[in-house]
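Text of final-v1.txt, listed as compact mmCIF, C-alpha atoms:
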# COMPACT_ATOMS: atom_id res chain seq x y z
CA MET U 1 0.00 0.00 0.00
CA ARG U 2 1.09 3.58 -0.58
CA THR U 3 -0.06 7.17 -0.10
CA PRO U 4 -3.47 7.49 -1.79
CA LEU U 5 -3.51 9.01 -5.25
CA PRO U 6 -5.61 12.18 -5.59
CA TYR U 7 -9.16 11.70 -6.88
CA LYS U 8 -12.31 13.74 -7.39
CA ILE U 9 -15.21 13.48 -4.90
CA TYR U 10 -18.69 14.65 -5.91
CA GLY U 11 -21.01 15.71 -3.09
CA SER U 12 -18.46 15.12 -0.34
CA ASP U 13 -20.64 16.83 2.29
CA ASN U 14 -23.18 14.03 2.01
CA ILE U 15 -20.87 11.02 1.88
CA GLU U 16 -20.21 8.96 5.00
CA PRO U 17 -16.60 8.77 6.30
CA GLY U 18 -16.55 4.98 5.88
CA ALA U 19 -17.08 5.28 2.12
CA ILE U 20 -14.29 7.84 1.81
CA ALA U 21 -11.99 5.61 3.87
CA GLN U 22 -12.71 2.73 1.51
CA MET U 23 -11.94 4.92 -1.48
CA GLU U 24 -8.68 6.00 0.17
CA ASN U 25 -7.77 2.32 0.51
CA ALA U 26 -8.55 1.72 -3.15
CA MET U 27 -6.45 4.69 -4.23
CA SER U 28 -3.57 3.35 -2.11
CA LEU U 29 -3.29 0.09 -4.04
CA PRO U 30 -0.07 -0.36 -6.04
CA VAL U 31 -2.23 -1.13 -9.10
CA SER U 32 -4.42 1.99 -8.87
CA LYS U 33 -4.10 4.52 -11.69
CA ALA U 34 -6.99 6.95 -11.15
CA GLY U 35 -10.37 7.14 -9.46
CA ALA U 36 -13.46 9.15 -8.57
CA LEU U 37 -16.25 8.96 -6.00
CA MET U 38 -19.82 9.67 -7.09
CA ALA U 39 -22.39 11.73 -5.17
CA ASP U 40 -24.49 8.66 -4.27
CA ALA U 41 -21.54 6.94 -2.59
CA HIS U 42 -21.87 4.85 0.54
CA GLU U 43 -19.93 2.08 2.25
CA GLY U 44 -19.76 -1.37 0.67
CA TYR U 45 -17.21 -4.19 0.50
CA GLY U 46 -13.82 -3.34 -0.95
CA LEU U 47 -14.58 -0.45 -3.27
CA PRO U 48 -17.41 1.73 -1.92
CA ILE U 49 -20.71 1.85 -3.75
CA GLY U 50 -20.32 4.83 -6.08
CA GLY U 51 -16.60 4.22 -6.50
CA VAL U 52 -14.81 4.39 -9.85
CA LEU U 53 -11.33 2.88 -10.04
CA ALA U 54 -8.89 2.57 -12.93
CA THR U 55 -6.15 -0.08 -12.92
CA PRO U 56 -3.60 -1.14 -15.56
CA ASN U 57 -5.16 -2.87 -18.55
CA ASN U 58 -4.03 -6.29 -17.31
CA VAL U 59 -5.56 -6.00 -13.80
CA VAL U 60 -9.16 -6.59 -12.69
CA ILE U 61 -10.52 -6.47 -9.12
CA PRO U 62 -13.63 -8.67 -8.73
CA TYR U 63 -14.89 -6.85 -5.64
CA ALA U 64 -14.43 -3.51 -7.39
CA VAL U 65 -17.02 -4.81 -9.84
CA GLY U 66 -19.30 -6.14 -7.12
CA VAL U 67 -21.41 -9.17 -6.33
CA ASP U 68 -24.35 -8.33 -8.61
CA ILE U 69 -22.29 -8.18 -11.79
CA ALA U 70 -23.74 -5.90 -14.49
CA CYS U 71 -26.74 -4.83 -12.44
CA ARG U 72 -28.58 -2.46 -14.72
CA MET U 73 -31.49 -0.18 -15.49
CA CYS U 74 -33.92 -0.64 -18.37
CA LEU U 75 -36.71 1.71 -19.51
CA SER U 76 -39.46 0.94 -22.03
CA VAL U 77 -41.46 3.92 -23.27
CA PHE U 78 -44.92 3.37 -24.76
CA ALA U 79 -47.08 5.52 -27.03
CA ILE U 80 -49.77 5.57 -24.35
CA SER U 81 -50.96 8.47 -22.22
CA PRO U 82 -49.86 8.12 -18.59
CA GLU U 83 -53.49 8.79 -17.66
CA VAL U 84 -53.97 5.01 -17.81
CA ILE U 85 -52.00 4.81 -14.57
CA HIS U 86 -55.10 6.26 -12.93
CA THR U 87 -57.87 4.95 -15.16
CA LYS U 88 -56.53 1.39 -15.49
CA SER U 89 -54.36 1.08 -12.38
CA GLU U 90 -55.67 -2.37 -11.45
CA THR U 91 -54.89 -3.71 -14.92
CA LEU U 92 -51.36 -2.32 -14.81
CA LYS U 93 -50.88 -3.67 -11.29
CA GLN U 94 -52.01 -7.10 -12.45
CA ILE U 95 -49.59 -7.02 -15.38
CA LEU U 96 -46.69 -6.40 -12.99
CA GLU U 97 -47.84 -9.17 -10.67
CA GLU U 98 -48.22 -11.70 -13.48
CA SER U 99 -45.25 -10.71 -15.66
CA THR U 100 -42.52 -10.28 -13.05
CA ILE U 101 -40.96 -12.67 -10.53
CA PHE U 102 -39.07 -11.38 -7.48
CA GLY U 103 -37.00 -12.69 -4.60
CA VAL U 104 -33.69 -14.30 -3.70
CA GLY U 105 -33.57 -17.71 -5.40
CA SER U 106 -36.66 -17.00 -7.53
CA LYS U 107 -36.95 -18.95 -10.80
CA ASN U 108 -38.92 -18.77 -14.05
CA LYS U 109 -40.32 -21.68 -16.07
CA LYS U 110 -41.88 -19.67 -18.90
CA HIS U 111 -39.34 -17.98 -21.17
CA ILE U 112 -39.90 -15.94 -24.32
CA ASP U 113 -36.35 -15.66 -25.70
CA THR U 114 -33.46 -17.83 -24.50
CA SER U 115 -31.10 -17.01 -27.39
CA VAL U 116 -28.51 -15.58 -24.98
CA PHE U 117 -27.77 -19.21 -24.06
CA ASP U 118 -26.68 -19.94 -27.62
CA LYS U 119 -23.42 -18.13 -26.90
CA GLN U 120 -20.40 -20.43 -26.86
CA GLU U 121 -19.07 -18.74 -23.70
CA TRP U 122 -21.55 -20.79 -21.64
CA SER U 123 -19.29 -23.81 -22.16
CA SER U 124 -15.96 -21.99 -21.97
CA THR U 125 -15.01 -22.57 -18.30
CA LYS U 126 -15.81 -25.02 -15.53
CA ILE U 127 -17.40 -22.37 -13.28
CA ILE U 128 -19.60 -21.00 -16.05
CA ARG U 129 -20.73 -24.51 -16.96
CA LYS U 130 -21.49 -25.21 -13.30
CA TYR U 131 -23.90 -22.28 -13.00
CA ARG U 132 -25.38 -22.24 -16.51
CA ASP U 133 -28.52 -24.09 -15.46
CA LEU U 134 -29.02 -21.71 -12.54
CA ALA U 135 -28.77 -18.77 -14.94
CA TYR U 136 -31.25 -20.38 -17.32
CA SER U 137 -33.75 -20.99 -14.52
CA GLN U 138 -33.54 -17.36 -13.37
CA LEU U 139 -33.84 -15.65 -16.76
CA GLY U 140 -36.70 -13.15 -16.54
CA THR U 141 -36.58 -12.78 -12.76
CA SER U 142 -35.50 -10.06 -10.33
CA GLY U 143 -33.78 -10.36 -6.97
CA GLY U 144 -34.41 -8.72 -3.62
CA GLY U 145 -33.03 -5.57 -2.05
CA ASN U 146 -33.48 -2.51 -4.24
CA HIS U 147 -34.46 -4.38 -7.39
CA PHE U 148 -37.80 -3.26 -8.80
CA ALA U 149 -40.20 -3.08 -11.73
CA GLU U 150 -42.43 -0.04 -11.87
CA TRP U 151 -44.96 1.78 -14.00
CA GLY U 152 -44.64 5.53 -14.12
CA GLU U 153 -45.00 8.73 -16.09
CA LEU U 154 -42.09 9.74 -18.30
CA THR U 155 -41.98 13.46 -19.07
CA VAL U 156 -39.86 14.58 -22.02
CA LYS U 157 -39.50 18.37 -22.01
CA GLY U 158 -37.48 19.00 -25.15
CA THR U 159 -36.51 17.44 -28.46
CA ASP U 160 -33.29 15.42 -28.37
CA GLU U 161 -31.97 13.41 -31.31
CA LEU U 162 -30.23 10.91 -29.07
CA LEU U 163 -33.36 10.09 -27.07
CA GLY U 164 -35.57 10.30 -30.13
CA LEU U 165 -38.87 11.06 -28.38
CA GLU U 166 -41.22 13.96 -29.00
CA PRO U 167 -41.81 16.27 -26.02
CA GLY U 168 -44.73 15.10 -23.90
CA ALA U 169 -45.82 12.56 -21.31
CA TYR U 170 -45.67 8.79 -21.79
CA LEU U 171 -46.49 5.59 -19.94
CA ALA U 172 -43.20 3.86 -19.18
CA LEU U 173 -41.84 0.75 -17.46
CA LEU U 174 -38.61 1.00 -15.47
CA THR U 175 -36.74 -2.02 -14.10
CA HIS U 176 -33.64 -2.53 -11.97
CA SER U 177 -31.97 -5.94 -11.57
CA GLY U 178 -28.83 -7.76 -12.59
CA SER U 179 -27.24 -11.12 -13.29
CA ARG U 180 -28.98 -12.92 -10.44
CA GLY U 181 -27.40 -15.99 -8.81
CA PHE U 182 -25.05 -16.55 -11.74
CA GLY U 183 -23.33 -13.19 -11.28
CA SER U 184 -23.20 -13.62 -7.52
CA GLU U 185 -21.55 -17.03 -7.70
CA ILE U 186 -19.00 -15.81 -10.25
CA ALA U 187 -18.16 -12.78 -8.10
CA LEU U 188 -17.76 -14.76 -4.88
CA TYR U 189 -15.65 -17.51 -6.48
CA TYR U 190 -13.16 -15.19 -8.16
CA SER U 191 -13.03 -12.75 -5.24
CA LYS U 192 -11.97 -15.58 -2.94
CA LEU U 193 -9.46 -16.72 -5.54
CA ALA U 194 -7.98 -13.22 -5.81
CA MET U 195 -7.74 -12.88 -2.03
CA SER U 196 -5.91 -16.21 -1.84
CA GLN U 197 -3.29 -14.91 -4.29
CA ILE U 198 -2.90 -11.26 -3.26
CA ALA U 199 -2.50 -10.54 0.46
CA LEU U 200 -3.63 -7.04 1.45
CA PRO U 201 -4.10 -5.39 4.88
CA GLY U 202 -7.40 -6.19 6.63
CA SER U 203 -9.36 -3.11 5.61
CA ALA U 204 -8.33 -3.52 1.97
CA LYS U 205 -8.36 -7.33 1.65
CA HIS U 206 -11.45 -7.38 -0.61
CA LEU U 207 -9.57 -5.29 -3.18
CA ALA U 208 -7.36 -8.20 -4.20
CA TRP U 209 -6.91 -8.45 -7.95
CA LEU U 210 -6.43 -10.93 -10.77
CA TYR U 211 -4.09 -10.51 -13.72
CA LEU U 212 -5.89 -10.77 -17.04
CA ASP U 213 -2.94 -12.53 -18.65
CA THR U 214 -3.41 -15.49 -16.28
CA GLN U 215 -5.94 -18.29 -16.67
CA GLU U 216 -7.90 -17.16 -13.60
CA GLY U 217 -8.04 -13.54 -14.70
CA ASN U 218 -9.05 -14.46 -18.23
CA GLU U 219 -11.77 -16.77 -16.91
CA TYR U 220 -13.18 -14.02 -14.71
CA TRP U 221 -13.17 -11.55 -17.61
CA ILE U 222 -15.09 -13.98 -19.83
CA ALA U 223 -17.58 -14.70 -17.04
CA MET U 224 -18.05 -11.03 -16.16
CA ASN U 225 -18.79 -10.06 -19.76
CA LEU U 226 -21.14 -13.01 -20.13
CA ALA U 227 -22.94 -11.91 -16.95
CA GLY U 228 -23.35 -8.49 -18.59
CA GLU U 229 -25.04 -9.97 -21.64
CA TYR U 230 -27.15 -12.22 -19.44
CA ALA U 231 -28.29 -9.29 -17.27
CA SER U 232 -29.37 -7.39 -20.38
CA ALA U 233 -31.25 -10.43 -21.69
CA ASN U 234 -32.87 -10.77 -18.27
CA HIS U 235 -34.31 -7.25 -18.53
CA HIS U 236 -35.42 -7.79 -22.11
CA GLU U 237 -37.27 -10.93 -21.07
CA ILE U 238 -39.14 -8.99 -18.38
CA HIS U 239 -39.92 -6.10 -20.72
CA ARG U 240 -41.13 -8.41 -23.49
CA LYS U 241 -43.51 -10.12 -21.09
CA VAL U 242 -44.90 -6.83 -19.86
CA ALA U 243 -45.21 -5.41 -23.39
CA ARG U 244 -47.00 -8.57 -24.53
CA ALA U 245 -49.45 -8.32 -21.64
CA LEU U 246 -49.97 -4.65 -22.45
CA ASN U 247 -50.38 -5.56 -26.15
CA GLU U 248 -48.05 -2.74 -27.15
CA LYS U 249 -44.55 -2.41 -28.59
CA PRO U 250 -42.30 0.19 -26.95
CA LEU U 251 -41.41 3.36 -28.82
CA LYS U 252 -37.99 3.41 -27.19
CA ILE U 253 -35.88 1.25 -24.88
CA VAL U 254 -33.04 2.79 -22.89
CA GLU U 255 -30.68 0.74 -20.72
CA ASN U 256 -27.34 1.07 -18.99
CA HIS U 257 -25.42 -0.94 -16.43
CA HIS U 258 -23.15 -0.54 -13.43
CA ASN U 259 -21.12 -3.03 -11.34
CA PHE U 260 -18.81 -3.76 -14.25
CA ALA U 261 -15.29 -3.23 -15.59
CA TRP U 262 -14.56 -1.74 -19.00
CA GLU U 263 -11.44 -1.53 -21.15
CA GLU U 264 -11.01 2.21 -21.67
CA THR U 265 -8.49 4.94 -22.39
CA LEU U 266 -7.75 7.37 -19.57
CA PRO U 267 -7.56 11.14 -20.15
CA ASN U 268 -3.77 10.85 -20.34
CA GLY U 269 -4.05 8.34 -23.19
CA GLU U 270 -3.14 5.33 -21.07
CA LYS U 271 -5.08 2.08 -21.55
CA ALA U 272 -6.80 0.89 -18.38
CA ILE U 273 -9.51 -1.23 -16.82
CA VAL U 274 -12.14 1.10 -15.35
CA HIS U 275 -14.25 -0.43 -12.57
CA ARG U 276 -17.61 1.17 -11.79
CA LYS U 277 -19.19 -0.26 -8.67
CA GLY U 278 -22.55 1.41 -8.22
CA ALA U 279 -21.55 4.04 -10.76
CA THR U 280 -22.83 4.31 -14.31
CA PRO U 281 -20.97 5.20 -17.51
CA ALA U 282 -21.48 8.79 -18.61
CA TYR U 283 -19.51 8.84 -21.85
CA ARG U 284 -20.08 11.82 -24.10
CA ASN U 285 -23.47 11.45 -25.82
CA SER U 286 -24.35 8.17 -24.13
CA LEU U 287 -27.82 7.56 -22.69
CA GLY U 288 -28.33 6.48 -19.10
CA ILE U 289 -30.91 6.20 -16.35
CA ILE U 290 -30.37 7.37 -12.76
CA PRO U 291 -33.20 6.26 -10.43
CA GLY U 292 -34.35 7.85 -7.18
CA THR U 293 -36.52 5.78 -4.81
CA MET U 294 -39.87 4.04 -4.97
CA VAL U 295 -41.55 7.47 -4.73
CA HIS U 296 -38.92 9.87 -6.08
CA ARG U 297 -38.27 10.45 -9.75
CA ALA U 298 -35.67 8.85 -11.97
CA TYR U 299 -33.76 10.72 -14.65
CA VAL U 300 -32.94 9.84 -18.25
CA VAL U 301 -29.62 11.50 -18.95
CA ARG U 302 -27.07 12.19 -21.63
CA GLY U 303 -23.45 11.76 -20.57
CA LYS U 304 -21.04 14.68 -20.93
CA GLY U 305 -17.82 12.64 -20.95
CA ASN U 306 -16.23 14.44 -18.01
CA TYR U 307 -12.57 13.48 -17.50
CA ASP U 308 -12.54 14.17 -13.75
CA SER U 309 -15.20 11.51 -13.10
CA LEU U 310 -13.55 9.04 -15.50
CA PHE U 311 -16.63 9.40 -17.72
CA SER U 312 -18.94 8.30 -14.89
CA ALA U 313 -21.99 9.41 -12.91
CA SER U 314 -23.99 8.11 -9.95
CA HIS U 315 -26.16 5.02 -10.41
CA GLY U 316 -28.96 6.29 -8.15
CA ALA U 317 -29.71 8.31 -5.04
CA GLY U 318 -27.54 6.17 -2.78
CA ARG U 319 -28.31 5.03 0.74
CA GLN U 320 -27.89 7.38 3.68
CA MET U 321 -28.49 4.61 6.22
CA SER U 322 -28.06 0.86 6.29
CA ARG U 323 -30.92 -1.58 5.80
CA LYS U 324 -30.68 -2.59 9.44
CA LYS U 325 -30.94 1.02 10.65
CA ALA U 326 -33.86 1.70 8.33
CA ILE U 327 -35.78 -1.28 9.73
CA GLN U 328 -35.04 -0.12 13.28
CA LYS U 329 -35.96 3.52 12.65
CA PHE U 330 -39.09 3.38 10.47
CA THR U 331 -42.48 1.70 10.76
CA ARG U 332 -44.95 0.49 8.18
CA ASP U 333 -47.02 3.57 8.98
CA ASP U 334 -44.04 5.72 7.95
CA LEU U 335 -43.81 3.87 4.67
CA ASN U 336 -47.55 4.08 4.02
CA TYR U 337 -47.48 7.83 4.72
CA ILE U 338 -44.81 8.53 2.11
CA LEU U 339 -46.52 6.26 -0.43
CA ASP U 340 -49.81 8.09 0.07
CA LYS U 341 -48.08 11.46 -0.14
CA TYR U 342 -46.71 10.68 -3.59
CA GLY U 343 -49.66 8.60 -4.77
CA VAL U 344 -47.60 5.42 -5.24
CA LYS U 345 -48.96 1.89 -5.05
CA LEU U 346 -46.44 -0.63 -3.72
CA ILE U 347 -46.52 -4.38 -4.33
CA GLY U 348 -44.16 -6.13 -1.92
CA GLY U 349 -41.27 -4.10 -0.57
CA GLY U 350 -40.05 -3.69 2.99
CA LEU U 351 -38.88 -1.11 5.48
CA ASP U 352 -35.25 -1.52 4.42
CA GLU U 353 -36.21 0.20 1.14
CA VAL U 354 -38.20 3.05 2.73
CA PRO U 355 -37.47 6.21 0.69
CA MET U 356 -36.17 8.04 3.76
CA ALA U 357 -33.25 5.58 3.89
CA TYR U 358 -31.93 7.17 0.71
CA LYS U 359 -30.24 10.46 -0.11
CA ASP U 360 -32.13 13.27 -1.81
CA ILE U 361 -31.94 12.41 -5.52
CA GLY U 362 -32.39 16.09 -6.37
CA LYS U 363 -29.23 17.00 -4.45
CA VAL U 364 -27.34 14.08 -5.98
CA MET U 365 -28.29 15.25 -9.47
CA ASN U 366 -27.28 18.81 -8.60
CA GLU U 367 -23.81 17.57 -7.61
CA GLN U 368 -23.28 16.03 -11.04
CA LYS U 369 -24.44 18.72 -13.42
CA ASP U 370 -20.97 18.60 -14.98
CA LEU U 371 -21.36 14.88 -15.64
CA VAL U 372 -24.81 14.47 -17.18
CA GLU U 373 -27.60 16.44 -18.86
CA VAL U 374 -31.19 15.56 -17.92
CA LEU U 375 -33.35 14.71 -20.96
CA ALA U 376 -36.46 13.31 -19.28
CA GLN U 377 -37.89 12.53 -15.85
CA PHE U 378 -39.74 9.41 -14.72
CA GLN U 379 -42.19 9.52 -11.80
CA PRO U 380 -42.95 6.07 -10.29
CA LYS U 381 -46.60 5.29 -9.64
CA ILE U 382 -47.03 1.48 -9.39
CA VAL U 383 -43.98 -0.27 -7.92
CA ARG U 384 -43.20 -3.95 -7.49
CA MET U 385 -40.37 -5.23 -5.28
CA ALA U 386 -39.62 -8.51 -3.51
CA ASN U 387 -41.75 -9.45 -0.54
CA PRO U 388 -39.81 -8.93 2.72
CA GLU U 389 -39.41 -12.67 3.34
CA ARG U 390 -37.87 -13.12 -0.15
CA LYS U 391 -35.46 -10.20 -0.09
CA HIS U 392 -32.23 -11.28 1.53
CA ARG U 393 -29.96 -14.17 2.29
CA TRP U 394 -29.84 -12.84 5.84
Here is the file; what I need is its structure written in the form of structure tokens.
Amino acid sequence: MRTPLPYKIYGSDNIEPGAIAQMENAMSLPVSKAGALMADAHEGYGLPIGGVLATPNNVVIPYAVGVDIACRMCLSVFAISPEVIHTKSETLKQILEESTIFGVGSKNKKHIDTSVFDKQEWSSTKIIRKYRDLAYSQLGTSGGGNHFAEWGELTVKGTDELLGLEPGAYLALLTHSGSRGFGSEIALYYSKLAMSQIALPGSAKHLAWLYLDTQEGNEYWIAMNLAGEYASANHHEIHRKVARALNEKPLKIVENHHNFAWEETLPNGEKAIVHRKGATPAYRNSLGIIPGTMVHRAYVVRGKGNYDSLFSASHGAGRQMSRKKAIQKFTRDDLNYILDKYGVKLIGGGLDEVPMAYKDIGKVMNEQKDLVEVLAQFQPKIVRMANPERKHRW
């Protein structure tokens, strides 16, 4: 370990000391090249949630990617007035209940498109082969925690060629989930392998790395990228089911992912692996989605390609208290009050996801005006999450 390299922090006044300490650890690694901490940052394992870390182009850190590899957002926009959220709320609620499956370990027996499993990478390594059937069984499902599927009103205020939607209000479906058990098993296996090979001090031990020019590193890279394609296919499966039930084709689909590592070129021209754990790419003229909470709006954004953030932005509002503290502090009455205040119907969900456990998404967005431009806003109205008993391994 060494003296931490300098890095940019966005919204430092609203980031807990533990997250900053974790970022300092990451920037002290001998393999660290550059980094940034997003405004939604909070403490995690290894790299903090909201952390961006660049390493040499032959080094990858599994825990700087995260356990839910390629967790992502996906938005389908329909040529339907959002008034149906009020006039046909029960129908829309039923579509969510019948077209989505939530919970840790949840599985799906009715698939629409399994073509992602035609990829030869599914037979490329022993670990991938071991968990292929698990991945197949979970295609079209969502996990616990902060994963969701929700109907809402998308408001597009101006014309933008990249977004390609006329100004106005639309019915839209927004989902958040990742690579399910497959991604988790891949992350845990290769994280343990990295820690067995690279010994780091206690507080930094989860930041152990693999070299991409070794068999283990190459295997992880193949598995991580496959998990990314699987996570995208997972969202598409959910969106196809919902669109079929709605009997409509979307006008536009926008998606982006976090918890991933990309081969990129740093501002100084150096090739690197850029890890974004709970941070989303914000390349110049790229589309992304930054969600708030079950009652607060999400934002469709255009990236500005800011060098200081390593072309990144926040992946959401970010927690301001742990799940345990949220459960201890708030009651169901508190949750019902905030739902009623914003006119949101919740299916499932628990006190650990109460909106007050999160930072103010408005402030988070204000801290990253240099990173993204807001193109549209999405207001949740009918939200589905995992039932409390199906949310966590703990």
(message) Using all atoms listed in the file, can you tell me which of U:Ser179, U:Asn25, U:Gly144, U:Tyr189 comes closest to Gly350 of chain U?
(response)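 Answer, going by the shortest atom-to-atom distance: U:Gly144.
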(request) Rank U:Gln377, U:Ser106, U:Ser76, U:Gln22 by their smallest atom-to-atom distance to Arg297 of chain U, using all atoms listed in the file, and report the top residue only. (result)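 Ranking U:Gln377, U:Ser106, U:Ser76, U:Gln22 by distance to Arg297 of chain U, first place goes to U:Gln377.
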(message) List as a VMD selection string the protein and nucleic acid residues near Gly152 of chain U, meaning an atom at most 9 Å away when only C-alpha atoms are counted, but skip any in the same chain fewer than 2 places from it.
(response) chain U and resid 82 85 150 154 170 to 174 378 to 383
(request) Excluding Arg132 of chain U and any residue of its chain fewer than 3 positions from it, enumerate the residues within 12 Å of it, using all atoms listed in the file, and give them as a ChimeraX atom specification. (result) /U:116-129,135-139,179-183,185-186,223,226-227,230
Let's have the selection written as a compact mmCIF listing (two decimals), in the coordinates of the input, with C-alpha atoms.
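Written output follows (result-v3.txt):
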# COMPACT_ATOMS: atom_id res chain seq x y z
CA VAL U 116 -28.51 -15.58 -24.98
CA PHE U 117 -27.77 -19.21 -24.06
CA ASP U 118 -26.68 -19.94 -27.62
CA LYS U 119 -23.42 -18.13 -26.90
CA GLN U 120 -20.40 -20.43 -26.86
CA GLU U 121 -19.07 -18.74 -23.70
CA TRP U 122 -21.55 -20.79 -21.64
CA SER U 123 -19.29 -23.81 -22.16
CA SER U 124 -15.96 -21.99 -21.97
CA THR U 125 -15.01 -22.57 -18.30
CA LYS U 126 -15.81 -25.02 -15.53
CA ILE U 127 -17.40 -22.37 -13.28
CA ILE U 128 -19.60 -21.00 -16.05
CA ARG U 129 -20.73 -24.51 -16.96
CA ALA U 135 -28.77 -18.77 -14.94
CA TYR U 136 -31.25 -20.38 -17.32
CA SER U 137 -33.75 -20.99 -14.52
CA GLN U 138 -33.54 -17.36 -13.37
CA LEU U 139 -33.84 -15.65 -16.76
CA SER U 179 -27.24 -11.12 -13.29
CA ARG U 180 -28.98 -12.92 -10.44
CA GLY U 181 -27.40 -15.99 -8.81
CA PHE U 182 -25.05 -16.55 -11.74
CA GLY U 183 -23.33 -13.19 -11.28
CA GLU U 185 -21.55 -17.03 -7.70
CA ILE U 186 -19.00 -15.81 -10.25
CA ALA U 223 -17.58 -14.70 -17.04
CA LEU U 226 -21.14 -13.01 -20.13
CA ALA U 227 -22.94 -11.91 -16.95
CA TYR U 230 -27.15 -12.22 -19.44
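Going from atom CA of Lys325 of chain U over to atom CA of Lys205 of chain U, you cover 25.7 Å.
Nearest to Met1 of chain U of all the residues U:Ser203, U:Gly44, U:Ala36, U:His176 is U:Ser203, based on only C-alpha atoms.
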(message) Nearest residue to Trp262 of chain U out of U:Lys324, U:Gly105, U:Leu29, U:Ala70, using only C-alpha atoms?
(response) U:Ala70
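Computed from the coordinates, the atom CA of Ala39 of chain U to atom CA of Ala149 of chain U distance equals 24.1 Å.
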(request) Mind checking which residues fall within 12 Å of His86 of chain U, counting all atoms listed in the file, ignoring those fewer than 3 positions away in the same chain, and posting them as a PyMOL selection string? (result) chain U and resi 81-83+89-93+151-153+171+343-345+381-382
(message) Can you measure atom CA of Asp370 of chain U to atom CA of Leu37 of chain U for me? One decimal in Å is fine.
(response)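 Going from atom CA of Asp370 of chain U over to atom CA of Leu37 of chain U, I get 14.0 Å.
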(message) I'd like the contact shell of Lys271 of chain U - 12 Å cut-off, all atoms listed in the file, skipping same-chain residues fewer than 2 positions apart - returned as a list in words.
(response)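 Result of the neighbour search: Lys33, Ala34, Ala54, Thr55, Pro56, Asn57, Asn58, Val59, Trp262, Glu263, Glu264, Thr265, Leu266, Pro267, Asn268, Gly269, Ile273 and Val274 of chain U.
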(request) Would you kindly return, as a list of chain:residue names, each protein, DNA or RNA residue with an atom no farther than 8 Å from any atom of Ala187 of chain U, considering all atoms listed in the file and excluding same-chain residues fewer than 6 positions away? (result) U:Pro62, U:Tyr63, U:Gly66, U:Val67, U:Asp68, U:Ile69
